[in-house]
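Quick notes on the structure that follows.
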Amino acid sequence: MMNENLQIRTYKKTGHIEVICGSMFSGKTEELIRRIRRAEIAKVRVKVFKPKIDNRYSEFSIVSHNETSFPSEIIDNAEEILEKSFDTEVIGIDEAQFFENNLVDVCQMLADSGKRVIVAGLDQDYRAKPFEPMPQLLAVAEYITKIHAVCMICGAPANRTQRVTESSDRVLVGGGNHYEARCRLHHTFTKEEK
Ligand SMILES: [Zn+2]
């Protein structure tokens, strides 16, 4: 039991949520790794998590398309982050779009308890539809960074992901082969996909 006086004297650091979003090949993971490394240099305890579905390059690290990597822990459910980060000050979460919607509550709880939460993920799926739970995270985050890839057709800044393999599954993990970054003008999909 904590008495009132003690509560007043206890200084509580304010936490927050940062979201890094964009299409595939926009450098989201690279940016997440950059921020985590800077926190590490500042001697802050960091931990990075990713969902089980992403086994693109490595089981034990998050790896960007340009092959920068940082050790990460694979988890099934966002709630595991709460148990595993009680002694951590900065928490990185990659491929956030593959978590369930409870990721939003988890991030809120972490930030409420004074932690810095950095979340990276796809904001749109290959049909350019908002990819949950990213829209909800974008709404509650203190800081948002939208980064762009380069359109493979015209070279313009691209914020959409074009699927170049035939499949209507929302999730098709397998790295770069199935996708290209495209601008609004050059992003296409067939009628059935709308
Ligand atoms: Zn284009």
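Ligands are numbered from 1 in the order shown, chains are lettered A, B, ... in the order of the structure tokens, and residues start at 1 in each chain.
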Collect all residues with atoms no farther than 9 Å from ligand 1, counting only C-alpha atoms and all ligand atoms, and output them as a CSV table (one decimal) with N, CA and C atoms, in the first residue's frame.
chain,number,residue,atom,x,y,z
A,150,VAL,N,10.3,5.0,-52.8
A,150,VAL,CA,10.4,5.6,-54.1
A,150,VAL,C,9.6,4.8,-55.1
A,151,CYS,N,8.7,5.4,-55.8
A,151,CYS,CA,7.8,4.7,-56.8
A,151,CYS,C,8.7,4.0,-57.8
A,152,MET,N,8.5,2.7,-58.0
A,152,MET,CA,9.3,1.9,-58.9
A,152,MET,C,9.0,2.2,-60.4
A,153,ILE,N,7.9,2.9,-60.6
A,153,ILE,CA,7.5,3.3,-62.0
A,153,ILE,C,8.1,4.7,-62.4
A,154,CYS,N,7.8,5.7,-61.5
A,154,CYS,CA,8.2,7.1,-61.9
A,154,CYS,C,9.2,7.7,-61.0
A,155,GLY,N,9.5,7.1,-59.9
A,155,GLY,CA,10.5,7.7,-59.0
A,155,GLY,C,10.0,8.8,-58.0
A,156,ALA,N,8.7,9.0,-58.0
A,156,ALA,CA,8.1,9.9,-57.1
A,156,ALA,C,8.1,9.3,-55.7
A,157,PRO,N,7.9,10.2,-54.6
A,157,PRO,CA,7.8,9.6,-53.3
A,157,PRO,C,6.6,8.6,-53.3
A,158,ALA,N,6.8,7.4,-52.7
A,158,ALA,CA,5.7,6.4,-52.7
A,158,ALA,C,5.2,6.1,-51.3
A,181,ALA,N,7.1,-0.6,-54.2
A,181,ALA,CA,6.6,0.7,-53.7
A,181,ALA,C,6.0,1.4,-54.9
A,182,ARG,N,4.9,2.1,-54.7
A,182,ARG,CA,4.3,2.9,-55.8
A,182,ARG,C,3.7,4.2,-55.2
A,183,CYS,N,3.7,5.2,-56.1
A,183,CYS,CA,3.0,6.4,-55.7
A,183,CYS,C,1.5,6.2,-56.0
A,184,ARG,N,0.7,7.2,-55.6
A,184,ARG,CA,-0.7,7.2,-55.7
A,184,ARG,C,-1.2,6.9,-57.2
A,185,LEU,N,-0.5,7.6,-58.1
A,185,LEU,CA,-0.8,7.4,-59.5
A,185,LEU,C,-0.6,6.0,-60.1
A,186,HIS,N,0.5,5.4,-59.6
A,186,HIS,CA,0.9,4.1,-60.2
A,186,HIS,C,0.5,2.9,-59.4
A,187,HIS,N,-0.2,3.1,-58.3
A,187,HIS,CA,-0.7,2.0,-57.5
A,187,HIS,C,-2.0,1.5,-58.1
Show me a table, sorted first by chain and then by increasing residue number, of the residues of segment 62-164 of chain A having an atom at most 8 Å from segment 15-26 of chain A, each with its shortest atom pair and the distance in Å to one decimal, counting only C-alpha atoms and written as CSV.
residue,atom,partner,partner_atom,distance
A:His65,CA,A:Phe25,CA,6.8
A:Cys107,CA,A:Ile17,CA,7.1
A:Gln108,CA,A:Ile17,CA,7.7
A:Leu110,CA,A:Gly15,CA,7.6
A:Ala111,CA,A:Gly15,CA,4.4
A:Asp112,CA,A:Gly15,CA,6.0
A:Ser113,CA,A:Gly15,CA,6.6
A:Gly114,CA,A:Gly15,CA,3.8
A:Lys115,CA,A:Gly15,CA,4.4
A:Arg116,CA,A:Gly15,CA,5.1
A:Val117,CA,A:Ile17,CA,4.8
A:Ile118,CA,A:Glu18,CA,4.7
A:Val119,CA,A:Val19,CA,4.8
A:Ala120,CA,A:Ile20,CA,4.6
A:Gly121,CA,A:Cys21,CA,5.2
A:Leu122,CA,A:Gly22,CA,5.5
A:Asp123,CA,A:Cys21,CA,5.7
A:Gln124,CA,A:Ser23,CA,6.9
A:Leu137,CA,A:Val19,CA,7.3
A:Leu138,CA,A:Val19,CA,6.5
A:Val140,CA,A:Ile17,CA,7.7
A:Ala141,CA,A:Ile17,CA,4.8
A:Glu142,CA,A:Ile17,CA,5.5
A:Tyr143,CA,A:Glu18,CA,4.7
A:Ile144,CA,A:Val19,CA,4.8
A:Thr145,CA,A:Ile20,CA,4.8
A:Lys146,CA,A:Cys21,CA,5.0
A:Ile147,CA,A:Gly22,CA,5.2
A:His148,CA,A:Ser26,CA,4.8
A:Ala149,CA,A:Ser26,CA,3.9
A:Val150,CA,A:Ser26,CA,7.5
A:Ala158,CA,A:Ser23,CA,7.3
A:Asn159,CA,A:Ser23,CA,5.0
A:Arg160,CA,A:Ser23,CA,5.1
A:Thr161,CA,A:Ser23,CA,5.4
Export of prior selection with C-alpha atoms as a compact mmCIF listing (two decimals), in the first residue's frame:
# COMPACT_ATOMS: atom_id res chain seq x y z
CA HIS A 65 15.57 -4.28 -46.27
CA CYS A 107 1.22 0.68 -25.96
CA GLN A 108 -1.01 3.02 -23.95
CA LEU A 110 3.47 1.18 -21.41
CA ALA A 111 3.46 4.92 -22.15
CA ASP A 112 1.24 5.59 -19.11
CA SER A 113 3.83 3.86 -16.94
CA GLY A 114 6.53 6.25 -18.15
CA LYS A 115 8.07 4.29 -21.01
CA ARG A 116 9.03 5.49 -24.48
CA VAL A 117 7.30 3.27 -27.02
CA ILE A 118 8.48 3.34 -30.65
CA VAL A 119 6.20 1.49 -33.04
CA ALA A 120 6.94 0.84 -36.73
CA GLY A 121 4.47 -0.60 -39.20
CA LEU A 122 2.64 -0.49 -42.51
CA ASP A 123 -0.11 2.11 -42.40
CA GLN A 124 -1.88 0.70 -45.49
CA LEU A 137 -2.01 3.89 -32.89
CA LEU A 138 -1.59 6.95 -35.12
CA VAL A 140 -3.18 8.10 -29.81
CA ALA A 141 0.56 8.63 -30.51
CA GLU A 142 2.35 11.79 -29.39
CA TYR A 143 4.68 11.71 -32.39
CA ILE A 144 4.13 10.41 -35.92
CA THR A 145 6.70 9.99 -38.69
CA LYS A 146 5.44 9.09 -42.15
CA ILE A 147 8.28 8.05 -44.36
CA HIS A 148 8.24 7.37 -48.08
CA ALA A 149 9.71 4.86 -50.44
CA VAL A 150 10.42 5.59 -54.11
CA ALA A 158 5.71 6.43 -52.70
CA ASN A 159 3.39 5.74 -49.76
CA ARG A 160 1.63 2.69 -51.20
CA THR A 161 2.57 -0.96 -51.52
What residues in segment 30-180 of chain A get the DSSP label strand (DSSP E)? Please answer as a ChimeraX atom specification.
/A:46-51,61-63,69-71,73-75,90-93,116-122,143-146,149-150,157-158,160-163,179-180
Produce a file of the selected residues containing N, CA and C atoms, as a short mmCIF file (atom, residue, chain, number, x, y, z; two decimals), in the first residue's frame.
data_model
loop_
_atom_site.label_atom_id
_atom_site.label_comp_id
_atom_site.auth_asym_id
_atom_site.auth_seq_id
_atom_site.Cartn_x
_atom_site.Cartn_y
_atom_site.Cartn_z
N VAL A 46 16.88 -0.90 -23.47
CA VAL A 46 15.98 -1.03 -24.62
C VAL A 46 15.62 -2.50 -24.88
N LYS A 47 14.49 -2.70 -25.51
CA LYS A 47 14.08 -4.03 -25.92
C LYS A 47 13.23 -3.88 -27.18
N VAL A 48 13.40 -4.82 -28.12
CA VAL A 48 12.63 -4.75 -29.36
C VAL A 48 11.83 -6.03 -29.54
N PHE A 49 10.58 -5.87 -29.95
CA PHE A 49 9.69 -7.01 -30.16
C PHE A 49 9.17 -7.02 -31.59
N LYS A 50 8.89 -8.23 -32.07
CA LYS A 50 8.20 -8.33 -33.36
C LYS A 50 7.25 -9.53 -33.32
N PRO A 51 6.20 -9.49 -34.14
CA PRO A 51 5.24 -10.59 -34.13
C PRO A 51 5.80 -11.83 -34.81
N SER A 61 16.21 -11.20 -34.81
CA SER A 61 16.52 -9.78 -34.97
C SER A 61 15.45 -9.13 -35.82
N ILE A 62 15.34 -7.83 -35.72
CA ILE A 62 14.57 -7.12 -36.74
C ILE A 62 15.61 -6.73 -37.78
N VAL A 63 15.27 -6.88 -39.04
CA VAL A 63 16.23 -6.62 -40.10
C VAL A 63 15.56 -5.75 -41.15
N SER A 69 20.50 -4.58 -38.75
CA SER A 69 19.71 -5.42 -37.85
C SER A 69 19.90 -5.05 -36.39
N PHE A 70 18.98 -5.51 -35.57
CA PHE A 70 19.03 -5.29 -34.13
C PHE A 70 18.33 -6.48 -33.48
N PRO A 71 18.90 -7.01 -32.36
CA PRO A 71 18.27 -8.18 -31.74
C PRO A 71 16.82 -7.89 -31.31
N GLU A 73 12.87 -9.82 -29.89
CA GLU A 73 12.22 -11.00 -29.33
C GLU A 73 10.92 -11.22 -30.10
N ILE A 74 10.67 -12.47 -30.47
CA ILE A 74 9.45 -12.79 -31.21
C ILE A 74 8.34 -13.15 -30.23
N ILE A 75 7.18 -12.54 -30.42
CA ILE A 75 6.07 -12.82 -29.50
C ILE A 75 4.79 -13.13 -30.29
N VAL A 90 12.93 1.92 -22.94
CA VAL A 90 12.53 2.20 -24.32
C VAL A 90 12.16 0.89 -25.01
N ILE A 91 10.96 0.86 -25.57
CA ILE A 91 10.47 -0.36 -26.20
C ILE A 91 10.22 -0.12 -27.68
N GLY A 92 10.83 -0.96 -28.52
CA GLY A 92 10.62 -0.88 -29.96
C GLY A 92 9.71 -2.02 -30.40
N ILE A 93 8.78 -1.73 -31.30
CA ILE A 93 7.88 -2.76 -31.81
C ILE A 93 7.88 -2.64 -33.33
N ARG A 116 9.04 4.98 -23.10
CA ARG A 116 9.03 5.49 -24.48
C ARG A 116 8.76 4.30 -25.39
N VAL A 117 7.69 4.38 -26.16
CA VAL A 117 7.30 3.27 -27.02
C VAL A 117 7.44 3.71 -28.48
N ILE A 118 8.27 2.99 -29.24
CA ILE A 118 8.48 3.34 -30.65
C ILE A 118 7.91 2.21 -31.50
N VAL A 119 6.90 2.52 -32.28
CA VAL A 119 6.20 1.49 -33.04
C VAL A 119 6.38 1.74 -34.53
N ALA A 120 6.81 0.70 -35.27
CA ALA A 120 6.94 0.84 -36.73
C ALA A 120 6.00 -0.13 -37.41
N GLY A 121 5.37 0.30 -38.49
CA GLY A 121 4.47 -0.60 -39.20
C GLY A 121 3.92 -0.01 -40.48
N LEU A 122 3.30 -0.89 -41.27
CA LEU A 122 2.64 -0.49 -42.51
C LEU A 122 1.34 0.22 -42.17
N TYR A 143 3.85 11.34 -31.24
CA TYR A 143 4.68 11.71 -32.39
C TYR A 143 4.48 10.73 -33.54
N ILE A 144 4.34 11.26 -34.75
CA ILE A 144 4.13 10.41 -35.92
C ILE A 144 5.16 10.77 -36.99
N THR A 145 5.80 9.76 -37.57
CA THR A 145 6.70 9.99 -38.69
C THR A 145 6.21 9.16 -39.86
N LYS A 146 5.81 9.82 -40.93
CA LYS A 146 5.44 9.09 -42.15
C LYS A 146 6.64 9.18 -43.07
N ALA A 149 8.82 5.61 -49.58
CA ALA A 149 9.71 4.86 -50.44
C ALA A 149 9.77 5.60 -51.78
N VAL A 150 10.33 4.97 -52.79
CA VAL A 150 10.42 5.59 -54.11
C VAL A 150 9.58 4.75 -55.08
N PRO A 157 7.90 10.15 -54.61
CA PRO A 157 7.76 9.58 -53.27
C PRO A 157 6.56 8.62 -53.25
N ALA A 158 6.76 7.45 -52.68
CA ALA A 158 5.71 6.43 -52.70
C ALA A 158 5.23 6.12 -51.29
N ARG A 160 2.48 3.87 -51.03
CA ARG A 160 1.63 2.69 -51.20
C ARG A 160 2.47 1.47 -51.55
N THR A 161 1.89 0.30 -51.25
CA THR A 161 2.57 -0.96 -51.52
C THR A 161 1.81 -1.70 -52.61
N GLN A 162 2.47 -1.96 -53.71
CA GLN A 162 1.86 -2.68 -54.83
C GLN A 162 2.18 -4.15 -54.72
N ARG A 163 1.15 -4.99 -54.75
CA ARG A 163 1.42 -6.44 -54.78
C ARG A 163 1.63 -6.84 -56.24
N TYR A 179 6.22 -7.59 -53.69
CA TYR A 179 5.75 -6.21 -53.56
C TYR A 179 6.68 -5.19 -54.22
N GLU A 180 6.08 -4.03 -54.55
CA GLU A 180 6.86 -2.88 -55.01
C GLU A 180 6.27 -1.63 -54.37
#
Using DSSP on the backbone coordinates, identify the residues of segment 64-173 of chain A assigned to helix (DSSP H, G or I); present them as a VMD selection string.
chain A and resid 80 to 84 96 to 98 102 to 112 134 to 140
Please save C-alpha atoms of the selected residues as a PDB file, in the first residue's frame.
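Final output, selection_36.pdb:
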ATOM      1  CA  GLU A  80       3.622 -10.434 -23.711  1.00  0.00           C
ATOM      2  CA  ILE A  81       5.347  -7.054 -24.111  1.00  0.00           C
ATOM      3  CA  LEU A  82       3.924  -5.973 -20.724  1.00  0.00           C
ATOM      4  CA  GLU A  83       5.432  -8.956 -18.907  1.00  0.00           C
ATOM      5  CA  LYS A  84       8.744  -8.757 -20.712  1.00  0.00           C
ATOM      6  CA  ALA A  96       2.995  -3.569 -35.756  1.00  0.00           C
ATOM      7  CA  GLN A  97       0.318  -4.203 -38.405  1.00  0.00           C
ATOM      8  CA  PHE A  98       0.604  -7.941 -37.731  1.00  0.00           C
ATOM      9  CA  ASN A 102      -4.919  -5.077 -28.228  1.00  0.00           C
ATOM     10  CA  LEU A 103      -1.511  -3.652 -29.216  1.00  0.00           C
ATOM     11  CA  VAL A 104      -3.085  -0.207 -28.841  1.00  0.00           C
ATOM     12  CA  ASP A 105      -3.997  -0.798 -25.175  1.00  0.00           C
ATOM     13  CA  VAL A 106      -0.607  -2.363 -24.525  1.00  0.00           C
ATOM     14  CA  CYS A 107       1.217   0.682 -25.965  1.00  0.00           C
ATOM     15  CA  GLN A 108      -1.010   3.020 -23.946  1.00  0.00           C
ATOM     16  CA  MET A 109      -0.275   1.127 -20.728  1.00  0.00           C
ATOM     17  CA  LEU A 110       3.473   1.182 -21.415  1.00  0.00           C
ATOM     18  CA  ALA A 111       3.456   4.916 -22.151  1.00  0.00           C
ATOM     19  CA  ASP A 112       1.241   5.588 -19.105  1.00  0.00           C
ATOM     20  CA  MET A 134      -1.971   1.273 -37.128  1.00  0.00           C
ATOM     21  CA  PRO A 135      -4.803   3.848 -37.571  1.00  0.00           C
ATOM     22  CA  GLN A 136      -5.675   3.602 -33.866  1.00  0.00           C
ATOM     23  CA  LEU A 137      -2.006   3.894 -32.894  1.00  0.00           C
ATOM     24  CA  LEU A 138      -1.594   6.946 -35.119  1.00  0.00           C
ATOM     25  CA  ALA A 139      -4.545   8.553 -33.326  1.00  0.00           C
ATOM     26  CA  VAL A 140      -3.177   8.098 -29.810  1.00  0.00           C
TER      27      VAL A 140
END
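Taking atom CA of Leu32 of chain A as the reference point, atom CA of Thr165 of chain A is found at 27.7 Å.
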